[in-house]
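Below is target05.cif, which holds mmCIF, C-alpha atoms.
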```cif
data_final
#
loop_
_atom_site.label_atom_id
_atom_site.label_comp_id
_atom_site.auth_asym_id
_atom_site.auth_seq_id
_atom_site.Cartn_x
_atom_site.Cartn_y
_atom_site.Cartn_z
CA MET A 89 72.10 101.06 98.28
CA THR A 90 69.48 101.22 101.04
CA ALA A 91 69.55 103.48 104.10
CA ILE A 92 68.70 101.80 107.38
CA ASP A 93 67.47 103.31 110.62
CA ARG A 94 69.43 101.28 113.10
CA ARG A 95 72.81 99.62 113.37
CA ARG A 96 73.16 95.91 112.69
CA PHE A 97 75.41 94.07 115.12
CA ILE A 98 76.86 90.81 113.83
CA LEU A 99 78.36 88.18 116.12
CA ALA A 100 81.80 87.15 114.98
CA ALA A 101 81.45 83.54 116.17
CA GLY A 102 81.14 81.09 113.31
CA ALA A 103 81.61 83.64 110.53
CA THR A 104 85.02 82.35 109.48
CA ALA A 105 87.74 80.13 110.88
CA PHE A 106 89.35 83.22 112.38
CA CYS A 107 86.10 84.48 113.85
CA ALA A 108 85.44 81.07 115.35
CA ALA A 109 88.80 81.24 117.04
CA SER A 110 87.88 84.56 118.64
CA SER A 111 84.17 84.04 119.25
CA SER A 112 84.21 86.28 122.31
CA SER A 113 84.58 89.29 119.98
CA VAL A 114 81.52 91.08 118.71
CA ALA A 115 81.77 92.83 115.38
CA ILE A 116 81.01 96.52 115.34
CA ALA A 117 78.14 97.70 113.17
CA ASP A 118 78.70 96.91 109.51
CA THR A 119 77.17 100.18 108.34
CA TYR A 120 78.47 103.16 106.41
CA ARG A 121 78.15 106.94 106.39
CA CYS A 122 79.15 109.91 104.30
CA PRO A 123 81.99 111.99 105.79
CA PRO A 124 80.42 115.14 107.28
CA CYS A 125 80.23 117.60 104.41
CA GLU A 126 76.89 119.36 105.04
CA CYS A 127 75.12 117.41 102.30
CA SER A 128 71.60 116.09 102.82
CA SER A 129 72.89 112.57 103.54
CA ASP A 130 75.19 113.48 106.44
CA ASP A 131 72.89 111.77 108.95
CA VAL A 132 71.90 108.82 106.77
CA VAL A 133 73.26 105.34 107.57
CA PHE A 134 73.75 102.91 104.70
CA ASP A 135 74.01 99.13 104.83
CA GLU A 136 76.39 98.88 101.86
CA PRO A 137 79.71 100.61 101.13
CA GLY A 138 79.98 102.79 98.06
CA VAL A 139 79.47 106.48 97.37
CA CYS A 140 77.09 109.02 98.84
CA PRO A 141 74.12 109.44 96.48
CA ASP A 142 73.97 113.14 97.33
CA CYS A 143 77.56 114.45 97.20
CA GLY A 144 79.42 111.52 95.62
CA MET A 145 81.96 111.15 98.44
CA THR A 146 83.15 107.68 99.44
CA LEU A 147 81.21 106.19 102.34
CA GLY A 148 83.22 105.13 105.38
CA PRO A 149 82.41 102.77 108.26
CA THR A 150 79.99 104.16 110.83
CA LYS A 151 82.36 102.93 113.51
CA GLU A 152 85.65 101.10 113.61
CA ALA A 153 87.59 99.36 116.34
CA ASP A 154 90.68 101.19 117.60
CA LEU A 155 93.03 98.36 118.58
CA GLY A 156 95.98 100.49 119.68
CA LEU A 157 99.62 99.52 119.22
CA GLU A 158 100.37 96.03 117.89
CA PRO A 159 97.19 94.23 119.08
CA ALA A 160 96.86 90.53 119.81
CA ARG A 161 94.10 89.96 117.24
CA LEU A 162 92.04 91.75 114.62
CA GLN A 163 88.48 92.77 115.35
CA PRO A 164 86.18 91.72 112.49
CA LEU A 165 85.04 94.38 110.00
CA ALA A 166 86.54 97.89 110.16
CA GLY A 167 89.40 98.75 112.48
CA VAL A 168 92.65 100.61 112.95
CA PHE A 169 95.86 99.82 114.78
CA LYS A 170 99.50 100.90 114.79
CA VAL A 171 102.78 99.10 114.25
CA ARG A 172 106.18 100.45 115.14
CA GLY A 173 108.34 101.94 112.44
CA ALA A 174 111.29 100.03 111.08
CA THR A 175 114.92 100.25 112.18
CA HIS A 176 115.88 103.79 113.22
CA ARG A 177 112.20 104.83 113.03
CA GLU A 178 110.72 102.75 115.84
CA HIS A 179 109.08 105.86 117.33
CA ALA A 180 107.35 106.69 114.03
CA ALA A 181 104.33 104.41 114.25
CA ILE A 182 102.61 103.34 111.02
CA THR A 183 98.82 103.54 111.10
CA VAL A 184 97.01 100.54 109.60
CA HIS A 185 93.37 101.06 108.60
CA TYR A 186 91.94 97.65 107.74
CA PHE A 187 88.72 95.88 106.80
CA LEU A 188 88.27 92.19 107.62
CA PRO A 189 85.07 90.95 105.89
CA GLU A 190 82.81 88.35 107.42
CA SER A 191 83.64 85.92 104.61
CA PHE A 192 87.40 86.06 105.19
CA ALA A 193 89.01 82.60 105.42
CA PRO A 194 92.61 81.43 105.94
CA THR A 195 93.02 81.08 102.16
CA SER A 196 91.58 84.52 101.35
CA LYS A 197 93.83 87.12 99.77
CA ILE A 198 95.43 90.01 101.64
CA LEU A 199 95.83 93.42 100.00
CA LEU A 200 98.07 96.24 101.21
CA VAL A 201 97.35 99.79 100.02
CA LEU A 202 99.76 102.73 99.81
CA PRO A 203 98.02 106.15 99.74
CA GLY A 204 99.06 109.20 97.79
CA SER A 205 100.81 112.25 99.24
CA GLY A 206 97.87 112.93 101.59
CA ARG A 207 98.89 109.80 103.60
CA ASN A 208 95.12 109.32 104.13
CA SER A 209 95.05 105.60 104.87
CA ASP A 210 91.45 105.70 106.16
CA GLU A 211 90.10 107.14 102.90
CA TYR A 212 92.10 104.74 100.74
CA ARG A 213 90.89 101.79 102.86
CA ASN A 214 87.33 103.02 102.34
CA LEU A 215 87.77 103.00 98.56
CA TRP A 216 88.33 99.22 98.78
CA LEU A 217 85.43 98.37 101.14
CA LYS A 218 82.96 97.29 98.48
CA SER A 219 85.45 95.06 96.66
CA ALA A 220 86.71 93.58 99.92
CA ARG A 221 83.18 92.61 100.96
CA GLN A 222 82.35 91.14 97.57
CA ALA A 223 85.59 89.19 97.09
CA GLY A 224 86.23 88.40 100.76
CA PHE A 225 89.80 89.69 101.03
CA LEU A 226 91.46 91.55 103.89
CA VAL A 227 92.49 95.08 102.92
CA ALA A 228 94.91 97.19 104.96
CA ALA A 229 95.95 100.74 104.04
CA LEU A 230 99.19 102.05 105.56
CA GLY A 231 99.45 105.60 106.87
CA TYR A 232 102.97 107.00 107.22
CA PRO A 233 103.27 110.22 109.28
CA GLU A 234 104.46 113.02 107.01
CA ASP A 235 106.55 114.67 109.72
CA GLU A 236 108.65 111.49 109.93
CA TYR A 237 108.54 110.37 106.29
CA ASP A 238 109.32 113.15 103.85
CA PHE A 239 109.41 112.90 100.04
CA ALA A 240 112.71 111.00 100.16
CA ALA A 241 111.54 108.52 102.79
CA TYR A 242 108.08 108.00 101.24
CA ASN A 243 107.96 108.64 97.48
CA LEU A 244 111.59 107.61 96.93
CA GLY A 245 111.27 104.65 99.28
CA GLY A 246 114.05 105.77 101.61
CA VAL A 247 116.69 105.10 98.95
CA ALA A 248 117.38 108.84 99.27
CA ARG A 249 117.85 110.80 102.47
CA ASP A 250 118.76 114.33 103.58
CA LEU A 251 116.70 115.71 100.74
CA SER A 252 116.62 119.43 99.98
CA TYR A 253 115.71 121.49 96.97
CA GLU A 254 116.34 125.09 96.11
CA ASN A 255 115.00 127.48 93.50
CA ALA A 256 111.84 125.43 93.05
CA GLU A 257 108.91 127.21 91.46
CA ILE A 258 105.66 125.98 93.00
CA GLU A 259 102.38 126.76 91.26
CA ARG A 260 99.13 125.80 92.95
CA ARG A 261 96.17 125.33 90.64
CA ASP A 262 92.54 124.40 91.26
CA ARG A 263 93.14 120.63 91.24
CA SER A 264 96.90 120.27 91.12
CA THR A 265 100.28 121.52 92.27
CA VAL A 266 103.04 121.96 89.69
CA ILE A 267 106.70 122.07 90.80
CA ARG A 268 109.48 123.15 88.43
CA MET A 269 113.21 123.03 89.11
CA GLN A 270 116.53 122.09 87.58
CA ASP A 271 117.91 118.59 88.12
CA GLU A 272 120.85 119.91 90.13
CA ASP A 273 118.49 121.75 92.51
CA LEU A 274 117.39 118.37 93.92
CA GLN A 275 120.04 117.58 96.54
CA PHE A 276 120.17 114.32 98.53
CA ALA A 277 122.34 111.43 99.65
CA VAL A 278 121.79 107.88 98.45
CA ASP A 279 121.18 105.40 101.28
CA THR A 280 122.14 101.85 100.33
CA ASN A 281 121.19 100.53 103.79
CA ARG A 282 118.24 98.28 102.95
CA GLN A 283 116.97 98.47 106.53
CA ALA A 284 116.38 102.20 106.03
CA TRP A 285 114.14 101.60 103.01
CA ILE A 286 110.37 101.57 103.28
CA PHE A 287 109.90 98.43 101.18
CA PRO A 288 110.64 95.80 103.89
CA ASP A 289 107.87 97.38 106.00
CA PHE A 290 105.27 95.84 103.71
CA ASP A 291 106.47 92.29 104.32
CA ARG A 292 106.57 93.04 108.03
CA VAL A 293 103.01 94.42 108.10
CA PHE A 294 101.84 91.45 106.04
CA ASP A 295 103.34 89.08 108.60
CA VAL A 296 101.49 90.96 111.36
CA LEU A 297 98.19 90.77 109.46
CA LYS A 298 98.75 87.11 108.71
CA ARG A 299 99.26 86.33 112.38
CA LEU A 300 96.36 88.48 113.61
CA SER A 301 93.86 87.17 111.05
CA GLY A 302 94.82 83.49 111.05
CA SER A 303 95.74 83.64 107.37
CA ALA A 304 97.57 80.74 105.75
CA ARG A 305 98.80 82.76 102.80
CA ASP A 306 102.48 83.21 102.00
CA SER A 307 102.12 86.30 99.81
CA TYR A 308 100.10 89.47 99.40
CA SER A 309 99.03 91.91 96.72
CA VAL A 310 99.81 95.61 97.00
CA PHE A 311 98.25 98.68 95.38
CA GLY A 312 99.60 102.22 95.40
CA HIS A 313 98.17 105.38 93.90
CA SER A 314 100.06 108.56 92.94
CA ALA A 315 102.83 108.89 95.57
CA GLY A 316 102.03 105.29 96.56
CA ALA A 317 102.67 104.25 92.96
CA GLN A 318 106.04 105.99 93.07
CA ILE A 319 106.92 103.80 96.04
CA LEU A 320 105.73 100.59 94.42
CA HIS A 321 107.42 100.83 91.02
CA ARG A 322 110.65 101.51 92.94
CA MET A 323 109.88 98.51 95.15
CA ALA A 324 109.93 96.32 92.03
CA LEU A 325 113.40 97.63 91.15
CA PHE A 326 114.95 97.78 94.63
CA TYR A 327 113.17 95.00 96.54
CA PRO A 328 112.00 92.36 94.02
CA GLU A 329 112.47 89.59 96.60
CA SER A 330 109.48 90.83 98.63
CA LYS A 331 106.55 88.59 99.54
CA ALA A 332 104.29 90.57 97.18
CA ASP A 333 102.86 88.37 94.41
CA HIS A 334 101.35 91.28 92.47
CA ILE A 335 102.26 94.98 92.55
CA VAL A 336 99.85 97.51 91.04
CA ALA A 337 101.22 101.05 90.66
CA ALA A 338 98.58 103.58 89.55
CA ASN A 339 99.18 107.16 88.34
CA ALA A 340 102.80 107.64 89.48
CA GLY A 341 104.05 111.21 89.06
CA PHE A 342 107.50 110.28 87.75
CA TYR A 343 109.71 107.21 87.59
CA THR A 344 113.09 105.80 88.44
CA LEU A 345 113.81 104.38 85.00
CA PRO A 346 115.30 100.87 84.66
CA ASP A 347 118.47 102.45 83.31
CA LEU A 348 121.83 101.76 84.96
CA ALA A 349 123.36 104.83 83.26
CA GLU A 350 120.78 107.46 84.28
CA PRO A 351 121.52 109.05 87.70
CA PHE A 352 119.16 108.31 90.60
CA PRO A 353 116.33 109.20 91.25
CA PHE A 354 115.59 109.42 87.51
CA GLY A 355 117.50 106.18 86.87
CA LEU A 356 119.54 103.60 88.77
CA HIS A 357 123.07 104.97 88.44
CA GLY A 358 124.66 105.68 91.82
CA ALA A 359 122.02 103.77 93.77
CA GLY A 360 123.98 100.54 94.14
CA ARG A 361 121.95 98.57 91.59
CA THR A 362 123.63 95.99 89.35
CA ALA A 363 122.61 94.30 86.12
CA ASP A 364 121.61 91.24 88.15
CA ASP A 365 119.42 93.40 90.40
CA LEU A 366 117.79 94.87 87.30
CA ARG A 367 117.09 91.40 85.89
CA LYS A 368 115.22 90.52 89.08
CA GLY A 369 113.28 93.78 88.99
CA LEU A 370 112.19 93.26 85.39
CA ALA A 371 110.90 89.81 86.36
CA ALA A 372 108.74 91.21 89.18
CA ARG A 373 104.97 90.97 88.68
CA LEU A 374 104.30 94.69 88.28
CA THR A 375 101.21 96.19 86.66
CA LEU A 376 101.37 99.85 85.66
CA LEU A 377 97.88 101.34 85.78
CA LEU A 378 97.61 104.62 83.90
CA GLY A 379 94.74 107.03 83.32
CA GLU A 380 94.21 107.98 79.69
CA LEU A 381 93.45 111.57 80.70
CA ASP A 382 96.20 111.85 83.34
CA ASN A 383 98.64 113.55 81.03
CA ASP A 384 98.92 117.26 81.79
CA ASP A 385 99.49 119.71 84.64
CA ASP A 386 95.76 120.14 85.33
CA ALA A 387 94.96 116.44 85.76
CA GLY A 388 95.29 116.68 89.56
CA GLY A 389 97.77 115.80 92.28
CA THR A 390 101.35 117.03 92.35
CA LEU A 391 103.46 116.96 89.21
CA LEU A 392 107.22 117.55 89.15
CA HIS A 393 109.01 119.05 86.15
CA THR A 394 112.79 118.93 85.73
CA PRO A 395 114.70 118.39 82.46
CA ALA A 396 115.34 114.73 83.35
CA VAL A 397 111.76 114.09 84.44
CA ASP A 398 110.33 115.78 81.35
CA ARG A 399 112.38 113.50 79.12
CA GLN A 400 110.12 110.75 80.48
CA GLY A 401 107.10 112.73 79.21
CA MET A 402 105.18 115.84 80.15
CA GLY A 403 102.37 113.97 81.93
CA ARG A 404 101.82 110.79 83.91
CA LEU A 405 100.46 108.76 80.99
CA ASP A 406 103.49 109.41 78.78
CA ARG A 407 105.90 108.92 81.68
CA GLY A 408 104.37 105.56 82.54
CA ARG A 409 104.60 104.44 78.93
CA THR A 410 108.25 105.50 78.83
CA PHE A 411 109.00 103.49 81.98
CA TYR A 412 107.27 100.41 80.58
CA SER A 413 108.90 100.65 77.14
CA MET A 414 112.36 101.05 78.65
CA GLY A 415 111.70 98.02 80.85
CA ALA A 416 110.82 95.94 77.79
CA ARG A 417 113.99 97.05 75.98
CA GLU A 418 116.20 96.36 78.99
CA ALA A 419 114.66 92.92 79.49
CA GLU A 420 115.42 92.02 75.89
CA LYS A 421 118.96 93.37 76.19
CA LEU A 422 119.60 91.44 79.42
CA GLY A 423 117.90 88.26 78.19
CA VAL A 424 115.37 88.06 81.02
CA GLU A 425 111.65 87.38 81.07
CA PHE A 426 109.75 90.67 81.16
CA ALA A 427 106.89 90.28 83.65
CA TRP A 428 105.54 93.85 83.78
CA ARG A 429 102.12 94.69 82.40
CA LEU A 430 100.67 97.99 81.22
CA SER A 431 96.98 98.87 81.49
CA VAL A 432 95.50 102.22 80.42
CA VAL A 433 92.09 103.09 81.86
CA PRO A 434 90.06 104.97 79.22
CA ASP A 435 88.53 108.39 79.94
CA ILE A 436 90.08 108.56 83.43
CA GLY A 437 92.53 111.10 84.84
CA HIS A 438 94.18 111.31 88.26
CA ASP A 439 91.19 109.66 89.95
CA SER A 440 91.90 107.40 92.94
CA ARG A 441 88.40 105.87 93.04
CA ALA A 442 88.39 104.98 89.34
CA MET A 443 91.87 103.50 89.60
CA VAL A 444 90.83 101.40 92.59
CA ASP A 445 87.90 100.05 90.56
CA ALA A 446 90.25 99.18 87.69
CA ALA A 447 92.82 97.60 90.03
CA SER A 448 90.10 95.54 91.70
CA ARG A 449 89.18 94.01 88.34
CA ILE A 450 92.84 93.15 87.75
CA LEU A 451 93.55 91.72 91.20
CA PHE A 452 90.29 90.05 92.16
#
```
Encoded form using structure tokens:
Amino acid sequence: MTAIDRRRFILAAGATAFCAASSSSVAIADTYRCPPCECSSDDVVFDEPGVCPDCGMTLGPTKEADLGLEPARLQPLAGVFKVRGATHREHAAITVHYFLPESFAPTSKILLVLPGSGRNSDEYRNLWLKSARQAGFLVAALGYPEDEYDFAAYNLGGVARDLSYENAEIERRDRSTVIRMQDEDLQFAVDTNRQAWIFPDFDRVFDVLKRLSGSARDSYSVFGHSAGAQILHRMALFYPESKADHIVAANAGFYTLPDLAEPFPFGLHGAGRTADDLRKGLAARLTLLLGELDNDDDAGGTLLHTPAVDRQGMGRLDRGRTFYSMGAREAEKLGVEFAWRLSVVPDIGHDSRAMVDAASRILF
């Protein structure tokens, strides 16, 4: 990775079919910097994405185009825009941090990314910059405002609403937050209105990206880490008819098991799911990506403990294996093809960058 002293401006005209169609646009500088952290490389500009050689933080674009609300086209390279929220949340705009590489073509893949509980779509987009440049795909990370999308609307996909919890014991550690409560302390209402769920948003954002980029693709891939993985494994169960051709869920904290007898959110009972719905979910192309070392309270992130959750396992690795094994058993019982895959990343814990690297090898 070589530092450069000046910005390189690249004309968009002729770069790809899309760029040719919008040749009046000029790409912003395709250079990268460390987030200000008072390390010795704060003022250094790099010509390749990656990590800061001094502090190890992920490099971000030096500049990105702010396209506002629902733009007419994408600016090449790094940018951000907003789309309106779905039904009943139109005022809650979703932030889309994207990267459109110079090599992008109408047949290139499109990847959506769901961040963890930090909702930091810019940082999760930055984790994919190197892969996007190398493989030529469009990556777009979705940022949902936390004041409009609570745990029920985000982690649980909107299948639950009016969430409250009492008597929770919250312990904050150096790298993690541990929450303990009884199952009955988690109070909510099940919302069977599909328009209130978060999952259809992804198809809608994909359609926007397809139109703005000139893509000819009919499907997209989607990656979620931590809280994002909670969303995506539930997407496979509740919205298997999506336009996603590959779902990668990495390091989910706990699971909605493919069990029609276990009460939601720990299973599917009471959430309006049928055996036919479960068959479709088990046939979804879902990859569970688990860290070998992500299996205790100190691994990082936020980990919930209730009696029902702990029956899945005491850590994310065991819980993911439980979810996968139950899926395999249910598929055999229901006589349906089991399309899920399980991949354990050795020597890795709750590490978003390492999981992105592993997911990139799977997807691209």
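You will find atom CA of Tyr120 of chain A at 13.0 Å from atom CA of Arg213 of chain A.
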Any chance you could resolve the PyMOL selection byres ((chain A and resi 406-420) around 10) against this file and give the residues as a count of residues only? 50
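For Met145 of chain A, the residues within 8 Å (counting all atoms listed in the file, excluding itself and residues fewer than 3 positions away along the chain) are Cys122, Pro123, Val139 and Cys140 of chain A.
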Writer output for current selection, C-alpha atoms, as an mmCIF file, in the coordinates of the input:
```
data_model
loop_
_atom_site.group_PDB
_atom_site.id
_atom_site.type_symbol
_atom_site.label_atom_id
_atom_site.label_comp_id
_atom_site.auth_asym_id
_atom_site.auth_seq_id
_atom_site.Cartn_x
_atom_site.Cartn_y
_atom_site.Cartn_z
ATOM 1 C CA CYS A 122 79.150 109.910 104.300
ATOM 2 C CA PRO A 123 81.990 111.990 105.790
ATOM 3 C CA VAL A 139 79.470 106.480 97.370
ATOM 4 C CA CYS A 140 77.090 109.020 98.840
#
```
Between atom CA of Gly246 of chain A and atom CA of Leu200 of chain A, measure the distance and give it in Å to one decimal. 18.6 Å
Figure out the distance between atom CA of Ala180 of chain A and atom CA of Ser307 of chain A, please, to one decimal in Å. 25.4 Å
Can you translate the PyMOL selection byres ((chain A and resi 220) around 12) into the concrete residues it hits in this file, as number ranges by chain? A: 136-138, 165-166, 186-192, 196-200, 213-219, 221-228, 444-445, 448-449, 451-452
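Remark: for Val310 of chain A, the closest of the candidate residues A:Arg260, A:Arg373, A:His357, A:Arg207 is A:Arg373 (distances computed over all atoms listed in the file).
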On this structure, which residues satisfy the PyMOL selection byres ((chain A and resi 242) around 10), written as a ChimeraX atom specification? /A:202,204-205,207,232-234,236-241,243-248,285-287,315-316,318-319
Could the residues in this selection be written to a file with C-alpha atoms, as an mmCIF file, in the frame of the given file?
```cif
data_model
loop_
_atom_site.group_PDB
_atom_site.id
_atom_site.type_symbol
_atom_site.label_atom_id
_atom_site.label_comp_id
_atom_site.auth_asym_id
_atom_site.auth_seq_id
_atom_site.Cartn_x
_atom_site.Cartn_y
_atom_site.Cartn_z
ATOM 1 C CA LEU A 202 99.760 102.730 99.810
ATOM 2 C CA GLY A 204 99.060 109.200 97.790
ATOM 3 C CA SER A 205 100.810 112.250 99.240
ATOM 4 C CA ARG A 207 98.890 109.800 103.600
ATOM 5 C CA TYR A 232 102.970 107.000 107.220
ATOM 6 C CA PRO A 233 103.270 110.220 109.280
ATOM 7 C CA GLU A 234 104.460 113.020 107.010
ATOM 8 C CA GLU A 236 108.650 111.490 109.930
ATOM 9 C CA TYR A 237 108.540 110.370 106.290
ATOM 10 C CA ASP A 238 109.320 113.150 103.850
ATOM 11 C CA PHE A 239 109.410 112.900 100.040
ATOM 12 C CA ALA A 240 112.710 111.000 100.160
ATOM 13 C CA ALA A 241 111.540 108.520 102.790
ATOM 14 C CA ASN A 243 107.960 108.640 97.480
ATOM 15 C CA LEU A 244 111.590 107.610 96.930
ATOM 16 C CA GLY A 245 111.270 104.650 99.280
ATOM 17 C CA GLY A 246 114.050 105.770 101.610
ATOM 18 C CA VAL A 247 116.690 105.100 98.950
ATOM 19 C CA ALA A 248 117.380 108.840 99.270
ATOM 20 C CA TRP A 285 114.140 101.600 103.010
ATOM 21 C CA ILE A 286 110.370 101.570 103.280
ATOM 22 C CA PHE A 287 109.900 98.430 101.180
ATOM 23 C CA ALA A 315 102.830 108.890 95.570
ATOM 24 C CA GLY A 316 102.030 105.290 96.560
ATOM 25 C CA GLN A 318 106.040 105.990 93.070
ATOM 26 C CA ILE A 319 106.920 103.800 96.040
#
```
Where does segment 199-265 of chain A meet segment 389-396 of chain A within 10 Å, residue by residue, with the nearest atom pair and distance in Å to one decimal for each, counting only C-alpha atoms, listed by chain and rising number, as a tab-separated table?
```
residue	atom	partner	partner_atom	distance
A:Gly204	CA	A:Gly389	CA	8.7
A:Ser205	CA	A:Gly389	CA	8.4
A:Gly206	CA	A:Gly389	CA	9.7
A:Ala256	CA	A:His393	CA	9.8
A:Glu257	CA	A:His393	CA	9.7
A:Ile258	CA	A:Leu392	CA	9.4
A:Glu259	CA	A:Thr390	CA	9.8
A:Arg260	CA	A:Thr390	CA	9.1
A:Arg261	CA	A:Gly389	CA	9.8
A:Arg263	CA	A:Gly389	CA	6.8
A:Ser264	CA	A:Gly389	CA	4.7
A:Thr265	CA	A:Thr390	CA	4.6
```
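The environment of Glu158 of chain A within 12 Å, counting all atoms listed in the file and disregarding residues fewer than 3 places along the same chain, consists of A:Asp154, A:Leu155, A:Arg161, A:Leu162, A:Val168, A:Phe169, A:Lys170, A:Val171, A:Arg172, A:Gly173, A:Ala181, A:Ile182, A:Thr183, A:Val184, A:Val293, A:Asp295, A:Val296, A:Leu297, A:Arg299, A:Leu300.
Across A:Asp435, A:Arg249, A:Gly144, A:Ser440, the tightest approach to Asn208 of chain A is made by A:Ser440 when counting all atoms listed in the file.
Comparing the minimum interatomic distances between Ile450 of chain A and each of A:Ala359, A:Ala174, A:Leu374, A:Ala304, counting only C-alpha atoms, we find that A:Leu374 sits nearest.
Distance check against Ala332 of chain A using only C-alpha atoms: of A:Pro288, A:Ser303, A:Leu356, A:Gly156, the minimum falls on A:Pro288.
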Which residue out of A:Pro164, A:Gly312, A:Pro353, A:Pro141 has the minimum interatomic distance to Ser209 of chain A when all atoms listed in the file are used? A:Gly312
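Candidate residues A:His334, A:His176, A:His313, A:Arg441 were compared for distance to Arg282 of chain A, and the nearest is A:His176, using all atoms listed in the file.
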Could you write segment 415-435 of chain A as a PDB file, in the coordinates of the input, with N, CA and C atoms rebuilt where they are missing?
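After the write, out.pdb holds the following:
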```pdb
ATOM      1  N   GLY A 415     111.611  99.321  80.200  1.00  0.00           N
ATOM      2  CA  GLY A 415     111.700  98.020  80.850  1.00  0.00           C
ATOM      3  C   GLY A 415     111.715  96.891  79.844  1.00  0.00           C
ATOM      4  N   ALA A 416     110.868  96.984  78.822  1.00  0.00           N
ATOM      5  CA  ALA A 416     110.820  95.940  77.790  1.00  0.00           C
ATOM      6  C   ALA A 416     112.142  95.875  77.029  1.00  0.00           C
ATOM      7  N   ARG A 417     112.718  97.031  76.704  1.00  0.00           N
ATOM      8  CA  ARG A 417     113.990  97.050  75.980  1.00  0.00           C
ATOM      9  C   ARG A 417     115.126  96.476  76.824  1.00  0.00           C
ATOM     10  N   GLU A 418     115.140  96.850  78.118  1.00  0.00           N
ATOM     11  CA  GLU A 418     116.200  96.360  78.990  1.00  0.00           C
ATOM     12  C   GLU A 418     116.076  94.854  79.222  1.00  0.00           C
ATOM     13  N   ALA A 419     114.861  94.356  79.304  1.00  0.00           N
ATOM     14  CA  ALA A 419     114.660  92.920  79.490  1.00  0.00           C
ATOM     15  C   ALA A 419     115.189  92.143  78.288  1.00  0.00           C
ATOM     16  N   GLU A 420     114.918  92.674  77.101  1.00  0.00           N
ATOM     17  CA  GLU A 420     115.420  92.020  75.890  1.00  0.00           C
ATOM     18  C   GLU A 420     116.946  92.073  75.852  1.00  0.00           C
ATOM     19  N   LYS A 421     117.509  93.215  76.213  1.00  0.00           N
ATOM     20  CA  LYS A 421     118.960  93.370  76.190  1.00  0.00           C
ATOM     21  C   LYS A 421     119.632  92.430  77.194  1.00  0.00           C
ATOM     22  N   LEU A 422     119.010  92.254  78.364  1.00  0.00           N
ATOM     23  CA  LEU A 422     119.600  91.440  79.420  1.00  0.00           C
ATOM     24  C   LEU A 422     119.206  89.968  79.313  1.00  0.00           C
ATOM     25  N   GLY A 423     118.310  89.646  78.389  1.00  0.00           N
ATOM     26  CA  GLY A 423     117.900  88.260  78.190  1.00  0.00           C
ATOM     27  C   GLY A 423     117.104  87.688  79.335  1.00  0.00           C
ATOM     28  N   VAL A 424     116.177  88.506  79.887  1.00  0.00           N
ATOM     29  CA  VAL A 424     115.370  88.060  81.020  1.00  0.00           C
ATOM     30  C   VAL A 424     113.896  88.166  80.667  1.00  0.00           C
ATOM     31  N   GLU A 425     113.096  87.304  81.274  1.00  0.00           N
ATOM     32  CA  GLU A 425     111.650  87.380  81.070  1.00  0.00           C
ATOM     33  C   GLU A 425     111.124  88.719  81.581  1.00  0.00           C
ATOM     34  N   PHE A 426     110.317  89.384  80.794  1.00  0.00           N
ATOM     35  CA  PHE A 426     109.750  90.670  81.160  1.00  0.00           C
ATOM     36  C   PHE A 426     108.334  90.441  81.688  1.00  0.00           C
ATOM     37  N   ALA A 427     108.152  90.636  83.002  1.00  0.00           N
ATOM     38  CA  ALA A 427     106.890  90.280  83.650  1.00  0.00           C
ATOM     39  C   ALA A 427     105.953  91.475  83.854  1.00  0.00           C
ATOM     40  N   TRP A 428     106.395  92.682  83.554  1.00  0.00           N
ATOM     41  CA  TRP A 428     105.540  93.850  83.780  1.00  0.00           C
ATOM     42  C   TRP A 428     104.360  93.845  82.817  1.00  0.00           C
ATOM     43  N   ARG A 429     103.294  94.506  83.235  1.00  0.00           N
ATOM     44  CA  ARG A 429     102.120  94.690  82.400  1.00  0.00           C
ATOM     45  C   ARG A 429     101.721  96.153  82.431  1.00  0.00           C
ATOM     46  N   LEU A 430     101.118  96.601  81.346  1.00  0.00           N
ATOM     47  CA  LEU A 430     100.670  97.990  81.220  1.00  0.00           C
ATOM     48  C   LEU A 430      99.175  97.987  80.930  1.00  0.00           C
ATOM     49  N   SER A 431      98.417  98.766  81.701  1.00  0.00           N
ATOM     50  CA  SER A 431      96.980  98.870  81.490  1.00  0.00           C
ATOM     51  C   SER A 431      96.579 100.344  81.546  1.00  0.00           C
ATOM     52  N   VAL A 432      95.963 100.841  80.489  1.00  0.00           N
ATOM     53  CA  VAL A 432      95.500 102.220  80.420  1.00  0.00           C
ATOM     54  C   VAL A 432      93.981 102.240  80.593  1.00  0.00           C
ATOM     55  N   VAL A 433      93.526 103.004  81.572  1.00  0.00           N
ATOM     56  CA  VAL A 433      92.090 103.090  81.860  1.00  0.00           C
ATOM     57  C   VAL A 433      91.503 104.226  81.019  1.00  0.00           C
ATOM     58  N   PRO A 434      90.580 103.924  80.107  1.00  0.00           N
ATOM     59  CA  PRO A 434      90.060 104.970  79.220  1.00  0.00           C
ATOM     60  C   PRO A 434      89.238 106.018  79.946  1.00  0.00           C
ATOM     61  N   ASP A 435      89.355 107.263  79.474  1.00  0.00           N
ATOM     62  CA  ASP A 435      88.530 108.390  79.940  1.00  0.00           C
ATOM     63  C   ASP A 435      88.704 108.693  81.429  1.00  0.00           C
TER      64      ASP A 435
END
```
